[in-house]
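Single-structure report; data block below.
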Amino acid sequence: MGRPEKPVNKARERVAQFADELRQLRALAGNPTYRQMAECALFSPSVLSSAASGNRMPSLPVTLAFVAACGGDEDIWRQRWLAATGGEVRLSTRVRPAGRRADGLPYPMQLPQRPRGFIGRAAELEWLRIPGDTPTVISGPAGVGKSGLALHHAHTQAAEATDGQLYADLGAHHARSVSSPYDILDGFLRALGVSGDQLSGTLDHRVGLYRTLAAERRLLILLDNVWDEQQVRPLLVDSDTSTIMLVSRNRLLGLRDVRRLQVRPLARTDSLAMIESALPLTVTAEPDDLDRLAAACGDLPLALDIALRRIALRPHTVLRQVVDGWHRGGDVLGWLRIGDLSMREYLRSAYLALSQPAQILLHWLAPVAADAVSPLPPEDDELVDELVDAGMLSNTPSGCVELRLSPLVRAFVSDTARSVARGRPAVVGPLRASYTMPPRSETSLTTPNFMMLGVSSGRGDRSV
């Protein structure tokens with residue numbers, strides 16, 4: 001007999017009621033253990049237990065797996081889930097615009113594959129569902145899940161875009177191959193059925209044609225990995241029929257009359273839910289091991305995704321040994337890499353876009369500051385803004401007074417400096433007068449020689 005189940009969390013009435021109903025179904029089935037249910041549900045015992053905890057609304061696949069394991073009627077429970085969640089069923093269907101255009105070609109459906117197993121972000125999704133007639137900028141640090149959030153929302157709204165969906169990756173992660181807005185523009189116009197001879201006009205003519213079409217039609221336009229404002233200005237449209245979303249690490253403060261959503265790391269409960277849903281059943285893990293894994297990944301969805309895929313390669317591992325190995329080896333970022341995904345490379349691309357003074361400030365903060373970085377002197381406000389824009393510092397959820405330096409950014413800065421540093425750099429000027437320099441023994445391995453790093457203020461000095 002397993003341990004007694006914790007009482008249902010009553011903080012959210014609708015979620016608690018749904019959890020109570022799941023528990024009643026399980027009781028009618030003879031109270032099978034969650035491990036027994038997992039054998040046929042294809043979800044881990046912890047995921048099934050979480051579904052009936054009342055902490056958060058389970059996904060539809062988890063709900064139906066729970067119901068099937070208890071011998072319930074899946075059709076009835078599908079309707080109950082839809083009623084409890086407000087009817088967001090479009091996630092489980094592939095939405096296609098009806099019919100074809102006048103030229104016989106299908107409407108564009110350019111959205112990439114939607115993220116499976118999407119976790120959390122209830123407040124952000126609720127905000128995104130508020131109607132608006134101006135573009136939306138979704139920003140946040142590397143790996144925080146901006147693109148995943150945008151794609152998840154875009155797929156839920158796809159049915160309303162009856163004239164199609166347009167998507168472009170503007171290549172901000174690869175600064176040398178950043179896409180021209182006019183190349184994107186021509187591709188969009190062709191997708192919307194504009195013939196080649198109509199594309200031979202001036203740039204202003206093509207921009208005007210694109211805006212006319214977007215204003216008249218019901219389109220969903222998603223511009224991912226935006227580098228700066230100039231890259232997207234020609235692609236922005238005020239429309240009460242089309243939806244335009246921009247995704248960028250940069251807050252794109254130079255754009256006027258846009259809605260802004262800044263994405264922060266997952267809440268710890270959502271990080272734990274993500275781990276529970278993806279961790280193989282054969283992995284040995286205690287609850288505090290899951291918490292340590294979430295903390296080591298900074299609650300960043302990208303880092304968690306990479307870590308969980310690495311762990312899945314060794315499905316009989318002990319999670320505590322994995323996390324302990326990270327700390328002993330001191331190379332978390334080296335471990336957070338699989339295929340062409342690398343947390344270190346994502347951070348590196350953001351770091352290289354910084355100006356030299358911002359890099360210096362970041363290297364100064366990493367070894368001497370706690371996770372909370374507050375307050376910083378007013379003369380460094382512009383550099384702080386640059387670091388926040390690059391995602392190397394982040395605002396706390398409570399507001400802008402306190403800033404945070406994530407454990408993965410701290411590890412990246414330390415690794416970068418350790419690879420080249422041989423002593424204290426020559427830093428002069430008022431910037432450093434505001435800080436107390438730690439003992440030389442503490443900084444010799446963490447403060448880099450910028451001449452050796454080949455730092456240049458080049459692209460980092462771009463206007464925003």
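Residues in the structure tokens are named by chain (A, B, ... in the order shown) and by number from 1 within that chain; ligands are numbered from 1 in the order shown.
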Polymer residues at most 7 Å from segment 49-64 of chain A, only C-alpha atoms, same-chain spacing of 3 or more positions, as an mmCIF file with C-alpha atoms, in the first residue's frame:
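This went into around29.cif:
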```cif
data_model
loop_
_atom_site.group_PDB
_atom_site.id
_atom_site.type_symbol
_atom_site.label_atom_id
_atom_site.label_comp_id
_atom_site.auth_asym_id
_atom_site.auth_seq_id
_atom_site.Cartn_x
_atom_site.Cartn_y
_atom_site.Cartn_z
ATOM 1 C CA VAL A 8 -6.340 18.292 -3.199
ATOM 2 C CA ASN A 9 -4.952 21.809 -3.505
ATOM 3 C CA LYS A 10 -8.028 24.059 -3.178
ATOM 4 C CA VAL A 15 -8.810 22.900 -11.038
ATOM 5 C CA ALA A 16 -9.541 21.495 -7.572
ATOM 6 C CA ALA A 19 -8.928 16.883 -9.490
ATOM 7 C CA ASP A 20 -11.640 15.719 -7.050
ATOM 8 C CA LEU A 22 -10.469 12.327 -11.131
ATOM 9 C CA ARG A 23 -9.928 10.952 -7.625
ATOM 10 C CA TYR A 34 -0.368 5.265 -9.802
ATOM 11 C CA PRO A 45 3.237 7.732 -11.920
ATOM 12 C CA SER A 46 4.237 11.243 -10.863
ATOM 13 C CA VAL A 67 -9.397 8.018 -17.382
ATOM 14 C CA ALA A 68 -8.490 5.030 -19.575
ATOM 15 C CA GLU A 74 -13.005 8.988 -22.586
ATOM 16 C CA TRP A 81 -11.916 18.707 -19.716
#
```
If you run DSSP on this backbone, which residues of segment 127-275 of chain A come out as strand (DSSP E), and could you give them as a PyMOL selection string? chain A and resi 136-139+165-169+220-224+243-248+259-262
Could you tell me which of A:Ile338, A:Leu347, A:Ile360, A:Leu281 comes closest to Thr317 of chain A if we count only C-alpha atoms?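 Looking only at the distances to Thr317 of chain A, the closest residue turns out to be A:Leu281.
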Counting only C-alpha atoms, which residue out of A:Leu354, A:Leu290, A:Ala168, A:Leu313 sits closest to Ile184 of chain A? A:Ala168
Rounded to one decimal, what separation in Å do you get between atom CA of Asp305 of chain A and atom CA of Leu408 of chain A?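 These atoms are spaced 14.5 Å apart.
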How many Å lie between atom CA of Arg256 of chain A and atom CA of Asp240 of chain A, rounded to one decimal? 17.3 Å
Backbone-only DSSP, helix (DSSP H, G or I) members of segment 35-272 of chain A, as a ChimeraX atom specification: /A:35-41,45-51,60-69,74-85,90-92,122-128,146-160,175-177,181-191,196-199,203-216,229-231,233-235,268-272
List every residue of segment 334-393 of chain A that has an atom at most 12 Å from any atom of segment 226-235 of chain A, and for each one report the closest atom pair and its distance in Å to one decimal, counting only C-alpha atoms, with rows sorted by chain and then by increasing residue number, as a Markdown table.
```
| residue | atom | partner | partner_atom | distance |
| --- | --- | --- | --- | --- |
| A:Ser349 | CA | A:Trp227 | CA | 11.5 |
| A:Ala350 | CA | A:Trp227 | CA | 10.7 |
| A:Ala353 | CA | A:Trp227 | CA | 10.1 |
| A:Asp389 | CA | A:Asp228 | CA | 10.9 |
| A:Ala390 | CA | A:Trp227 | CA | 10.6 |
```
